[in-house]
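Text of the file entry16.txt, holding compact mmCIF, C-alpha atoms:
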# COMPACT_ATOMS: atom_id res chain seq x y z
CA MET A 1 8.01 -5.50 -8.91
CA MET A 2 11.01 -3.25 -8.49
CA GLN A 3 14.42 -4.67 -7.86
CA ARG A 4 15.54 -4.38 -4.27
CA ARG A 5 19.01 -2.94 -4.60
CA PRO A 6 20.90 0.02 -3.19
CA PHE A 7 21.13 3.22 -5.19
CA LEU A 8 24.78 4.22 -5.57
CA LEU A 9 25.38 7.90 -6.04
CA GLY A 10 28.33 9.92 -7.21
CA ALA A 11 30.50 11.60 -4.62
CA ALA A 12 29.25 15.06 -5.50
CA ALA A 13 25.62 14.12 -5.02
CA THR A 14 26.37 12.27 -1.80
CA MET A 15 28.17 15.25 -0.30
CA ALA A 16 25.53 17.81 -1.28
CA ALA A 17 23.75 19.19 1.79
CA PRO A 18 20.00 19.83 1.62
CA LEU A 19 18.98 23.43 2.18
CA ALA A 20 16.86 22.45 5.19
CA LEU A 21 19.87 20.84 6.84
CA ALA A 22 22.21 23.67 5.94
CA GLN A 23 19.85 26.07 7.69
CA GLY A 24 19.71 23.83 10.76
CA ARG A 25 16.02 23.05 10.45
CA PRO A 26 14.55 19.63 11.20
CA ILE A 27 13.05 17.63 8.37
CA ARG A 28 9.31 17.08 8.56
CA ILE A 29 7.74 13.86 7.25
CA VAL A 30 4.01 14.33 6.75
CA VAL A 31 2.04 11.11 7.27
CA PRO A 32 -1.44 11.50 5.76
CA TYR A 33 -2.98 9.05 8.23
CA ALA A 34 -3.52 8.88 11.98
CA ALA A 35 -0.79 7.87 14.41
CA GLY A 36 -0.54 4.21 15.35
CA GLY A 37 -1.20 2.58 11.98
CA PRO A 38 1.33 0.66 9.88
CA ILE A 39 2.20 3.65 7.64
CA ASP A 40 2.86 5.83 10.68
CA ALA A 41 4.87 3.04 12.34
CA THR A 42 7.16 2.51 9.35
CA ALA A 43 7.73 6.25 8.94
CA ARG A 44 8.80 6.50 12.59
CA ILE A 45 11.13 3.51 12.22
CA LEU A 46 12.90 5.16 9.30
CA ALA A 47 12.98 8.59 10.94
CA GLU A 48 14.92 7.04 13.81
CA ARG A 49 17.34 5.28 11.44
CA VAL A 50 18.25 8.39 9.39
CA LYS A 51 18.84 10.86 12.24
CA ASP A 52 22.62 10.25 12.20
CA SER A 53 22.89 11.17 8.51
CA LEU A 54 20.11 13.74 8.16
CA GLY A 55 19.66 15.15 11.65
CA THR A 56 16.33 15.57 13.41
CA VAL A 57 13.33 14.18 11.55
CA ILE A 58 9.85 14.99 12.84
CA ILE A 59 6.75 12.94 12.03
CA GLU A 60 3.62 15.02 11.56
CA ASN A 61 0.29 13.21 11.19
CA LYS A 62 -2.27 14.94 8.97
CA PRO A 63 -5.17 12.49 8.57
CA GLY A 64 -8.42 13.11 6.76
CA GLY A 65 -9.93 13.08 3.30
CA GLY A 66 -8.78 9.54 2.62
CA GLY A 67 -5.18 10.74 2.89
CA ASN A 68 -5.71 13.76 0.62
CA ILE A 69 -5.26 16.38 3.35
CA GLY A 70 -1.77 15.22 4.31
CA ALA A 71 -0.67 14.67 0.73
CA ASP A 72 -1.80 18.18 -0.13
CA VAL A 73 0.36 19.60 2.68
CA VAL A 74 3.39 18.07 0.97
CA ALA A 75 2.31 19.23 -2.49
CA LYS A 76 1.99 22.84 -1.32
CA SER A 77 5.19 22.95 0.77
CA PRO A 78 8.24 24.88 -0.46
CA PRO A 79 10.69 22.61 -2.35
CA ASP A 80 13.59 23.29 0.00
CA GLY A 81 13.92 19.85 1.61
CA SER A 82 12.26 20.84 4.88
CA THR A 83 9.05 18.92 4.17
CA ILE A 84 8.65 15.50 2.60
CA GLY A 85 5.86 13.01 3.05
CA ILE A 86 4.28 9.67 2.45
CA ALA A 87 2.78 8.78 -0.91
CA ALA A 88 0.51 5.75 -0.70
CA VAL A 89 -1.50 3.66 -3.12
CA ALA A 90 -4.62 5.52 -1.97
CA THR A 91 -3.28 9.07 -2.22
CA HIS A 92 -1.37 8.65 -5.47
CA ALA A 93 -3.18 5.92 -7.42
CA ILE A 94 -6.76 5.41 -6.18
CA ASN A 95 -8.01 8.77 -4.90
CA PRO A 96 -7.38 10.72 -8.12
CA TRP A 97 -10.03 8.54 -9.79
CA LEU A 98 -12.27 8.07 -6.74
CA PHE A 99 -12.73 11.73 -5.76
CA SER A 100 -14.48 14.09 -8.18
CA LYS A 101 -12.39 16.99 -6.84
CA MET A 102 -8.74 16.63 -5.81
CA PRO A 103 -6.67 19.32 -4.05
CA TYR A 104 -3.48 18.22 -5.83
CA ASP A 105 -2.30 16.57 -9.04
CA ALA A 106 -0.81 13.19 -8.12
CA ALA A 107 1.23 13.05 -11.33
CA ARG A 108 2.69 16.57 -11.28
CA ASP A 109 2.81 17.99 -7.75
CA PHE A 110 5.38 15.64 -6.20
CA THR A 111 9.02 14.59 -6.52
CA PRO A 112 9.60 10.84 -5.93
CA ILE A 113 12.36 9.86 -3.50
CA THR A 114 12.04 6.11 -2.87
CA GLN A 115 9.44 3.43 -2.38
CA MET A 116 9.44 2.14 1.20
CA VAL A 117 7.06 -0.74 1.72
CA ARG A 118 4.86 -3.31 0.10
CA VAL A 119 2.22 -5.08 2.17
CA PRO A 120 0.42 -7.95 0.45
CA ASN A 121 -3.34 -8.22 0.63
CA VAL A 122 -4.83 -11.65 1.09
CA LEU A 123 -8.11 -13.28 0.07
CA VAL A 124 -9.50 -14.81 3.25
CA MET A 125 -12.63 -16.77 4.07
CA ASN A 126 -14.28 -17.44 7.38
CA ALA A 127 -12.72 -20.81 8.22
CA GLU A 128 -16.01 -22.42 9.28
CA THR A 129 -17.73 -21.21 6.10
CA ALA A 130 -14.88 -22.57 3.97
CA ALA A 131 -15.12 -25.96 5.69
CA ARG A 132 -18.92 -26.06 5.35
CA LEU A 133 -18.76 -25.23 1.64
CA ARG A 134 -15.72 -27.51 1.12
CA ILE A 135 -13.61 -24.65 -0.24
CA ASN A 136 -9.91 -25.32 0.24
CA THR A 137 -8.39 -23.45 -2.70
CA LEU A 138 -9.03 -20.42 -4.87
CA ALA A 139 -10.16 -22.75 -7.65
CA ASP A 140 -12.74 -24.23 -5.24
CA LEU A 141 -14.07 -20.75 -4.45
CA ILE A 142 -14.40 -19.86 -8.14
CA ALA A 143 -16.08 -23.18 -8.93
CA TYR A 144 -18.57 -22.74 -6.08
CA ALA A 145 -19.37 -19.17 -7.17
CA LYS A 146 -20.00 -20.30 -10.75
CA ALA A 147 -22.23 -23.16 -9.60
CA ASN A 148 -24.11 -20.91 -7.16
CA PRO A 149 -24.37 -17.46 -8.78
CA GLY A 150 -25.18 -14.66 -6.36
CA LYS A 151 -24.95 -16.80 -3.22
CA LEU A 152 -21.52 -15.53 -2.12
CA ASN A 153 -20.84 -12.07 -0.75
CA TYR A 154 -17.72 -10.22 0.28
CA GLY A 155 -17.05 -7.35 2.64
CA SER A 156 -14.76 -4.35 2.39
CA GLY A 157 -13.83 -1.24 4.32
CA GLY A 158 -16.07 0.86 2.08
CA ASN A 159 -16.77 1.81 -1.51
CA GLY A 160 -13.50 2.53 -3.29
CA SER A 161 -11.39 0.86 -0.60
CA ALA A 162 -8.56 -1.49 -1.59
CA GLY A 163 -10.70 -4.46 -0.54
CA HIS A 164 -13.58 -3.31 -2.71
CA LEU A 165 -11.36 -2.74 -5.75
CA ALA A 166 -9.64 -6.10 -5.30
CA GLY A 167 -13.02 -7.81 -5.06
CA GLU A 168 -14.27 -6.24 -8.29
CA MET A 169 -11.03 -7.14 -10.10
CA PHE A 170 -11.37 -10.69 -8.83
CA LYS A 171 -14.99 -11.01 -9.91
CA GLN A 172 -14.18 -9.78 -13.41
CA GLY A 173 -11.07 -11.93 -13.79
CA ALA A 174 -12.74 -15.07 -12.46
CA GLY A 175 -16.01 -14.51 -14.34
CA ILE A 176 -18.13 -14.77 -11.20
CA PHE A 177 -20.66 -12.66 -9.33
CA ALA A 178 -20.60 -11.96 -5.60
CA VAL A 179 -22.48 -9.28 -3.68
CA HIS A 180 -20.32 -6.45 -2.31
CA ILE A 181 -21.15 -5.37 1.25
CA PRO A 182 -19.31 -2.17 2.24
CA PHE A 183 -18.56 -1.40 5.89
CA ASN A 184 -17.35 1.76 7.58
CA GLY A 185 -13.70 0.78 7.75
CA GLY A 186 -11.48 -2.29 7.66
CA ASN A 187 -12.06 -3.37 11.26
CA PRO A 188 -15.88 -3.66 10.94
CA ALA A 189 -15.38 -5.58 7.69
CA GLN A 190 -13.06 -8.04 9.40
CA LEU A 191 -15.47 -8.48 12.32
CA ALA A 192 -18.25 -9.23 9.84
CA LEU A 193 -16.07 -11.91 8.24
CA LEU A 194 -15.15 -13.44 11.61
CA SER A 195 -18.82 -13.64 12.55
CA ALA A 196 -19.71 -15.15 9.14
CA GLN A 197 -21.89 -12.21 8.10
CA VAL A 198 -19.86 -12.19 4.87
CA ASP A 199 -18.16 -15.06 3.06
CA PHE A 200 -14.79 -13.62 2.02
CA ASN A 201 -12.73 -10.45 2.13
CA PHE A 202 -9.59 -9.09 0.55
CA ASP A 203 -7.76 -7.91 3.66
CA ASN A 204 -4.37 -6.44 4.50
CA LEU A 205 -2.04 -9.27 5.47
CA ALA A 206 -0.84 -7.44 8.57
CA THR A 207 -4.45 -7.21 9.80
CA ALA A 208 -5.53 -10.70 8.77
CA ALA A 209 -2.45 -12.66 9.87
CA PRO A 210 -3.32 -13.12 13.59
CA ASN A 211 -6.71 -14.64 12.71
CA ILE A 212 -5.14 -16.78 9.96
CA ARG A 213 -2.67 -18.15 12.51
CA ALA A 214 -5.49 -18.70 15.02
CA GLY A 215 -7.43 -20.75 12.47
CA LYS A 216 -10.37 -18.35 12.37
CA LEU A 217 -9.68 -17.29 8.78
CA LYS A 218 -8.58 -19.42 5.85
CA ALA A 219 -6.12 -17.77 3.45
CA LEU A 220 -6.78 -18.78 -0.15
CA ALA A 221 -4.47 -16.44 -2.09
CA VAL A 222 -2.29 -13.35 -1.84
CA THR A 223 -2.71 -10.43 -4.23
CA THR A 224 0.95 -9.92 -5.11
CA LEU A 225 2.26 -11.35 -8.38
CA THR A 226 4.51 -13.75 -6.46
CA ARG A 227 4.23 -15.51 -3.12
CA SER A 228 4.79 -13.40 -0.05
CA PRO A 229 7.69 -14.40 2.22
CA GLN A 230 5.32 -13.65 5.08
CA LEU A 231 2.84 -16.31 3.87
CA PRO A 232 4.93 -18.65 1.69
CA ASP A 233 2.43 -21.52 1.55
CA VAL A 234 -0.34 -19.39 0.06
CA PRO A 235 -0.30 -18.97 -3.76
CA PRO A 236 -0.95 -15.67 -5.53
CA VAL A 237 -4.26 -14.97 -7.25
CA ALA A 238 -2.12 -14.44 -10.36
CA ASP A 239 -1.49 -18.19 -10.53
CA THR A 240 -5.18 -18.52 -11.39
CA ILE A 241 -6.01 -15.11 -12.90
CA LYS A 242 -3.09 -13.97 -15.05
CA GLY A 243 -1.68 -10.56 -14.15
CA PHE A 244 -3.81 -10.05 -11.05
CA ALA A 245 -1.95 -7.76 -8.66
CA ILE A 246 -3.31 -5.29 -6.13
CA ASP A 247 -1.23 -4.68 -3.03
CA THR A 248 -0.70 -1.88 -0.56
CA TRP A 249 2.43 0.26 -0.96
CA TRP A 250 3.83 3.54 0.22
CA GLY A 251 6.98 5.59 -0.21
CA LEU A 252 8.58 8.99 0.21
CA VAL A 253 7.97 12.05 -1.93
CA GLY A 254 8.73 15.74 -1.77
CA PRO A 255 6.95 18.65 -3.41
CA ALA A 256 7.45 19.24 -7.12
CA GLY A 257 10.68 21.05 -7.92
CA LEU A 258 12.75 19.49 -5.16
CA ALA A 259 16.39 19.84 -6.21
CA ARG A 260 18.12 16.70 -7.43
CA ASP A 261 20.93 16.95 -4.90
CA ILE A 262 18.37 16.98 -2.07
CA VAL A 263 16.49 14.05 -3.63
CA ASN A 264 19.72 12.06 -3.99
CA LYS A 265 20.83 12.71 -0.41
CA TYR A 266 17.46 11.70 0.99
CA ASN A 267 17.33 8.63 -1.24
CA THR A 268 20.75 7.49 -0.02
CA ALA A 269 19.82 7.95 3.64
CA PHE A 270 16.41 6.28 3.49
CA VAL A 271 17.53 3.38 1.27
CA ALA A 272 20.31 2.66 3.77
CA ALA A 273 17.72 2.77 6.56
CA LEU A 274 15.44 0.35 4.68
CA GLN A 275 18.35 -2.06 4.25
CA SER A 276 19.39 -2.01 7.90
CA PRO A 277 18.85 -5.23 9.87
CA GLU A 278 16.97 -3.31 12.57
CA ALA A 279 14.48 -1.87 10.09
CA LYS A 280 14.00 -5.21 8.34
CA GLN A 281 13.28 -6.88 11.69
CA LYS A 282 10.75 -4.24 12.70
CA PHE A 283 9.09 -4.27 9.29
CA ALA A 284 8.81 -8.06 9.47
CA SER A 285 6.89 -7.71 12.74
CA LEU A 286 4.39 -5.58 10.79
CA LEU A 287 4.31 -8.20 7.98
CA ALA A 288 5.60 -5.51 5.63
CA ASP A 289 8.23 -6.04 2.95
CA PRO A 290 10.76 -3.18 2.63
CA VAL A 291 11.11 -2.12 -1.01
CA TRP A 292 13.68 0.47 -2.02
CA SER A 293 14.19 2.12 -5.39
CA THR A 294 15.85 4.99 -7.18
CA PRO A 295 13.79 8.17 -7.48
CA ASP A 296 13.24 7.51 -11.19
CA GLU A 297 12.13 3.93 -10.54
CA PHE A 298 9.65 5.08 -7.93
CA GLY A 299 8.34 7.74 -10.30
CA ARG A 300 7.74 5.20 -13.06
CA PHE A 301 6.10 2.83 -10.58
CA MET A 302 3.67 5.50 -9.33
CA ARG A 303 2.73 6.51 -12.88
CA ALA A 304 2.02 2.87 -13.75
CA GLU A 305 -0.10 2.43 -10.61
CA LEU A 306 -2.04 5.60 -11.38
CA GLY A 307 -2.86 4.25 -14.85
CA LYS A 308 -3.80 0.83 -13.50
CA TYR A 309 -6.21 2.14 -10.89
CA GLU A 310 -8.01 4.40 -13.35
CA LYS A 311 -9.37 1.23 -14.92
CA VAL A 312 -9.98 -0.52 -11.58
CA VAL A 313 -11.94 2.37 -10.03
CA LYS A 314 -14.06 2.78 -13.15
CA LEU A 315 -14.77 -0.94 -13.09
CA SER A 316 -15.93 -0.72 -9.47
CA GLY A 317 -18.23 2.23 -10.13
CA ALA A 318 -17.11 3.78 -6.82
CA LYS A 319 -17.17 7.57 -6.41
CA VAL A 320 -16.68 9.96 -3.50
CA ASP A 321 -18.44 13.36 -3.44

Show me this structure written as structure tokens.
Amino acid sequence: MMQRRPFLLGAAATMAAPLALAQGRPIRIVVPYAAGGPIDATARILAERVKDSLGTVIIENKPGGGGNIGADVVAKSPPDGSTIGIAAVATHAINPWLFSKMPYDAARDFTPITQMVRVPNVLVMNAETAARLRINTLADLIAYAKANPGKLNYGSGGNGSAGHLAGEMFKQGAGIFAVHIPFNGGNPAQLALLSAQVDFNFDNLATAAPNIRAGKLKALAVTTLTRSPQLPDVPPVADTIKGFAIDTWWGLVGPAGLARDIVNKYNTAFVAALQSPEAKQKFASLLADPVWSTPDEFGRFMRAELGKYEKVVKLSGAKVD
């Protein structure tokens, strides 16, 4: 995981004014998902925090195509600083391998600015099912699956979703078999788990946390390499399956060719916003961990994620169109 530290810039870079600002235009952040979700919420939090340093920042939601429509808007925008957008694990690591035709090149059509957020995923069981099967730990789940091949199933928000990919990685790493049951979205998958139609899910921590706290779901492991500060008593899958890591992340990118002085100015403003106590407090309420980086660090991270998910998607066998 990237180091969480501020990016200190030289005076010349700090003082450079983006072309969009020099022309008095607002900055547009394209969110490739619908309003009201966690990605939209964090973008709006940061837009409010940077208005003193960058001026007016407008959030524009462009959902559809699994995030591809909004990401493509950013890719095809002029590199003048007027339009930046959200790059997420789906748009920049999963979709390029999941979709047979992509409107943009995730590796070439964007300029990284900074990572913003990491949200752990968590392996959860229906609490009553876990009690009935006497499964209290991840090791218990693996042992039960090996002793009862094919009896367990898991749900996900659909073929190629993060939950599906995590499940296939888990099955391979643990040497077990469980039936995958795809649903039309994360909410139906969670409802199926709560009603014991499926045995376990890999869910977003922000979504699963209320039912974990209510005792309806039992958290067995988080999917980050280390424990999450949001769920400190739950060990990572990596403690049992070495190297296992599959979490949700998103950050800021511009179109390819965005000038370095613009990138540096935006990085400085948004990293400061991510480090502010107000943003940290609001992110904590979403069970999201703020993660800032230099543009180069974020670029290396996205390239590594793109390479990792090529293998994961092929393993799952999932394809769209």

Quiz item: Which residue out of A:Leu205, A:Leu220, A:Ile176, A:Ala189 has the minimum interatomic distance to Ser285 of chain A when all atoms listed in the file are used?
Solution: A:Leu205

Self-check item: Selection: 12 Å around Ala131 of chain A, only C-alpha atoms, excl. self and same-chain fewer than 3 positions, as a PyMOL selection string
Solution: chain A and resi 125-128+134-137+140-141+199+215-218

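Going from atom CA of Phe244 of chain A over to atom CA of Phe183 of chain A, you cover 24.1 Å.
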
Quiz item: A:Val312, A:Ile113, A:Leu191, A:Leu98: which is nearest Arg300 of chain A, counting all atoms listed in the file?
Solution: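 For Arg300 of chain A, the nearest of the given residues is A:Ile113.
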
Please build the interface table for segment 95-176 of chain A against segment 263-267 of chain A with a cut-off of 12 Å, listing for each qualifying residue the nearest atom pair and the distance in Å to one decimal; count all atoms listed in the file, order rows by chain and increasing number, and write it as a Markdown table.
| residue | atom | partner | partner_atom | distance |
| --- | --- | --- | --- | --- |
| A:Phe110 | CA | A:Val263 | CA | 11.5 |
| A:Thr111 | CA | A:Val263 | CA | 8.0 |
| A:Pro112 | CA | A:Val263 | CA | 7.9 |
| A:Ile113 | CA | A:Asn267 | CA | 5.6 |
| A:Thr114 | CA | A:Asn267 | CA | 6.1 |
| A:Gln115 | CA | A:Asn267 | CA | 9.5 |
| A:Met116 | CA | A:Asn267 | CA | 10.5 |

Self-check item: Option closest in space to Gly155 of chain A, from A:Lys282, A:His180, A:Lys314, A:Arg132 [counting all atoms listed in the file]
Solution: A:His180

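Between atom CA of Val117 of chain A and atom CA of Ala288 of chain A the interatomic distance comes to 6.3 Å.
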
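Residues with any atom within 9 Å of Gly186 of chain A, counting all atoms listed in the file and excluding same-chain neighbours fewer than 3 positions away, are Ser156, Gly157, Gly158, Ser161, Gly163, Phe183, Ala189, Gln190, Leu191, Asp203, Asn204 and Thr207 of chain A.
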
Exercise. Kindly indicate which residue among A:Val89, A:Ala221, A:Ile84, A:Ala71 lies nearest to Asp105 of chain A, using all atoms listed in the file for the distances.
Key: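 Among the listed residues, the smallest separation from Asp105 of chain A belongs to A:Ala71.
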
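The spacing separating atom CA of Gly150 of chain A from atom CA of Trp97 of chain A amounts to 27.9 Å.
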
Quiz prompt | Selection near Ala273 of chain A, 7 Å with all atoms listed in the file, sequence-local residues under 4 positions removed, as a ChimeraX atom specification | solution = /A:46,49-50,269,279

Residues within 7 Å of Glu168 of chain A, please, as a short mmCIF file (atom, residue, chain, number, x, y, z; two decimals) with C-alpha atoms, keeping the file's coordinate frame. Count all atoms listed in the file; anything in the same chain fewer than 4 positions from it doesn't count.
data_model
loop_
_atom_site.label_atom_id
_atom_site.label_comp_id
_atom_site.auth_asym_id
_atom_site.auth_seq_id
_atom_site.Cartn_x
_atom_site.Cartn_y
_atom_site.Cartn_z
CA HIS A 164 -13.58 -3.31 -2.71
CA GLN A 172 -14.18 -9.78 -13.41
CA SER A 316 -15.93 -0.72 -9.47
#

Per residue of segment 72-100 of chain A within 10 Å of segment 31-41 of chain A, note the shortest atom pair and the distance in Å to one decimal, counting only C-alpha atoms, and order the rows by chain and increasing residue number, as a Markdown table.
| residue | atom | partner | partner_atom | distance |
| --- | --- | --- | --- | --- |
| A:Asp72 | CA | A:Pro32 | CA | 8.9 |
| A:Val73 | CA | A:Pro32 | CA | 8.9 |
| A:Val74 | CA | A:Pro32 | CA | 9.5 |
| A:Ile84 | CA | A:Val31 | CA | 9.2 |
| A:Gly85 | CA | A:Val31 | CA | 6.0 |
| A:Ile86 | CA | A:Val31 | CA | 5.5 |
| A:Ala87 | CA | A:Pro32 | CA | 8.3 |
| A:Ala88 | CA | A:Ile39 | CA | 8.8 |
| A:Thr91 | CA | A:Pro32 | CA | 8.5 |

Quiz item: Nearest to Asp233 of chain A among A:Asn153, A:Ala219, A:Phe298, A:Ala145, with distances taken over all atoms listed in the file: which residue is it?
Solution: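 Using all atoms listed in the file, Asp233 of chain A sits closest to A:Ala219.
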
Any chance you could turn segment 266-275 of chain A into a file with all heavy atoms, as a PDB file, in the first residue's frame?
ATOM      1  N   TYR A 266      -3.070  20.660  -8.797  1.00  0.00           N
ATOM      2  CA  TYR A 266      -4.226  19.878  -8.370  1.00  0.00           C
ATOM      3  C   TYR A 266      -3.838  18.856  -7.301  1.00  0.00           C
ATOM      4  O   TYR A 266      -4.577  18.622  -6.344  1.00  0.00           O
ATOM      5  CB  TYR A 266      -4.859  19.177  -9.568  1.00  0.00           C
ATOM      6  CG  TYR A 266      -5.631  20.095 -10.498  1.00  0.00           C
ATOM      7  CD1 TYR A 266      -5.667  21.475 -10.299  1.00  0.00           C
ATOM      8  CD2 TYR A 266      -6.330  19.581 -11.580  1.00  0.00           C
ATOM      9  CE1 TYR A 266      -6.374  22.308 -11.148  1.00  0.00           C
ATOM     10  CE2 TYR A 266      -7.042  20.412 -12.444  1.00  0.00           C
ATOM     11  CZ  TYR A 266      -7.049  21.771 -12.221  1.00  0.00           C
ATOM     12  OH  TYR A 266      -7.747  22.592 -13.063  1.00  0.00           O
ATOM     13  N   ASN A 267      -2.677  18.236  -7.463  1.00  0.00           N
ATOM     14  CA  ASN A 267      -2.220  17.282  -6.459  1.00  0.00           C
ATOM     15  C   ASN A 267      -2.082  17.958  -5.096  1.00  0.00           C
ATOM     16  O   ASN A 267      -2.538  17.444  -4.070  1.00  0.00           O
ATOM     17  CB  ASN A 267      -0.894  16.657  -6.885  1.00  0.00           C
ATOM     18  CG  ASN A 267      -0.342  15.687  -5.850  1.00  0.00           C
ATOM     19  OD1 ASN A 267       0.326  16.095  -4.907  1.00  0.00           O
ATOM     20  ND2 ASN A 267      -0.617  14.406  -6.031  1.00  0.00           N
ATOM     21  N   THR A 268      -1.443  19.124  -5.074  1.00  0.00           N
ATOM     22  CA  THR A 268      -1.257  19.848  -3.819  1.00  0.00           C
ATOM     23  C   THR A 268      -2.591  20.163  -3.154  1.00  0.00           C
ATOM     24  O   THR A 268      -2.777  19.938  -1.948  1.00  0.00           O
ATOM     25  CB  THR A 268      -0.494  21.164  -4.073  1.00  0.00           C
ATOM     26  OG1 THR A 268       0.788  20.866  -4.630  1.00  0.00           O
ATOM     27  CG2 THR A 268      -0.290  21.938  -2.783  1.00  0.00           C
ATOM     28  N   ALA A 269      -3.553  20.653  -3.938  1.00  0.00           N
ATOM     29  CA  ALA A 269      -4.842  21.049  -3.382  1.00  0.00           C
ATOM     30  C   ALA A 269      -5.622  19.845  -2.858  1.00  0.00           C
ATOM     31  O   ALA A 269      -6.180  19.881  -1.746  1.00  0.00           O
ATOM     32  CB  ALA A 269      -5.654  21.787  -4.441  1.00  0.00           C
ATOM     33  N   PHE A 270      -5.667  18.772  -3.628  1.00  0.00           N
ATOM     34  CA  PHE A 270      -6.485  17.627  -3.229  1.00  0.00           C
ATOM     35  C   PHE A 270      -5.825  16.805  -2.126  1.00  0.00           C
ATOM     36  O   PHE A 270      -6.523  16.249  -1.270  1.00  0.00           O
ATOM     37  CB  PHE A 270      -6.818  16.760  -4.444  1.00  0.00           C
ATOM     38  CG  PHE A 270      -7.913  17.332  -5.296  1.00  0.00           C
ATOM     39  CD1 PHE A 270      -7.617  18.008  -6.459  1.00  0.00           C
ATOM     40  CD2 PHE A 270      -9.240  17.232  -4.911  1.00  0.00           C
ATOM     41  CE1 PHE A 270      -8.625  18.563  -7.247  1.00  0.00           C
ATOM     42  CE2 PHE A 270     -10.261  17.770  -5.675  1.00  0.00           C
ATOM     43  CZ  PHE A 270      -9.960  18.443  -6.852  1.00  0.00           C
ATOM     44  N   VAL A 271      -4.496  16.737  -2.101  1.00  0.00           N
ATOM     45  CA  VAL A 271      -3.821  16.051  -0.993  1.00  0.00           C
ATOM     46  C   VAL A 271      -4.075  16.807   0.308  1.00  0.00           C
ATOM     47  O   VAL A 271      -4.348  16.202   1.355  1.00  0.00           O
ATOM     48  CB  VAL A 271      -2.318  15.896  -1.275  1.00  0.00           C
ATOM     49  CG1 VAL A 271      -1.565  15.504  -0.007  1.00  0.00           C
ATOM     50  CG2 VAL A 271      -2.082  14.844  -2.359  1.00  0.00           C
ATOM     51  N   ALA A 272      -3.998  18.134   0.268  1.00  0.00           N
ATOM     52  CA  ALA A 272      -4.303  18.925   1.462  1.00  0.00           C
ATOM     53  C   ALA A 272      -5.733  18.679   1.919  1.00  0.00           C
ATOM     54  O   ALA A 272      -6.015  18.576   3.121  1.00  0.00           O
ATOM     55  CB  ALA A 272      -4.077  20.409   1.181  1.00  0.00           C
ATOM     56  N   ALA A 273      -6.657  18.580   0.962  1.00  0.00           N
ATOM     57  CA  ALA A 273      -8.057  18.313   1.308  1.00  0.00           C
ATOM     58  C   ALA A 273      -8.212  16.937   1.945  1.00  0.00           C
ATOM     59  O   ALA A 273      -8.943  16.769   2.932  1.00  0.00           O
ATOM     60  CB  ALA A 273      -8.923  18.420   0.058  1.00  0.00           C
ATOM     61  N   LEU A 274      -7.523  15.934   1.416  1.00  0.00           N
ATOM     62  CA  LEU A 274      -7.588  14.584   1.974  1.00  0.00           C
ATOM     63  C   LEU A 274      -7.030  14.530   3.391  1.00  0.00           C
ATOM     64  O   LEU A 274      -7.465  13.724   4.216  1.00  0.00           O
ATOM     65  CB  LEU A 274      -6.809  13.612   1.081  1.00  0.00           C
ATOM     66  CG  LEU A 274      -7.479  13.230  -0.237  1.00  0.00           C
ATOM     67  CD1 LEU A 274      -6.460  12.607  -1.184  1.00  0.00           C
ATOM     68  CD2 LEU A 274      -8.621  12.258   0.009  1.00  0.00           C
ATOM     69  N   GLN A 275      -6.065  15.396   3.692  1.00  0.00           N
ATOM     70  CA  GLN A 275      -5.441  15.400   5.015  1.00  0.00           C
ATOM     71  C   GLN A 275      -6.191  16.249   6.029  1.00  0.00           C
ATOM     72  O   GLN A 275      -5.865  16.224   7.213  1.00  0.00           O
ATOM     73  CB  GLN A 275      -4.008  15.918   4.887  1.00  0.00           C
ATOM     74  CG  GLN A 275      -3.098  14.991   4.103  1.00  0.00           C
ATOM     75  CD  GLN A 275      -1.723  15.591   3.862  1.00  0.00           C
ATOM     76  OE1 GLN A 275      -1.571  16.812   3.847  1.00  0.00           O
ATOM     77  NE2 GLN A 275      -0.730  14.756   3.661  1.00  0.00           N
TER      78      GLN A 275
END
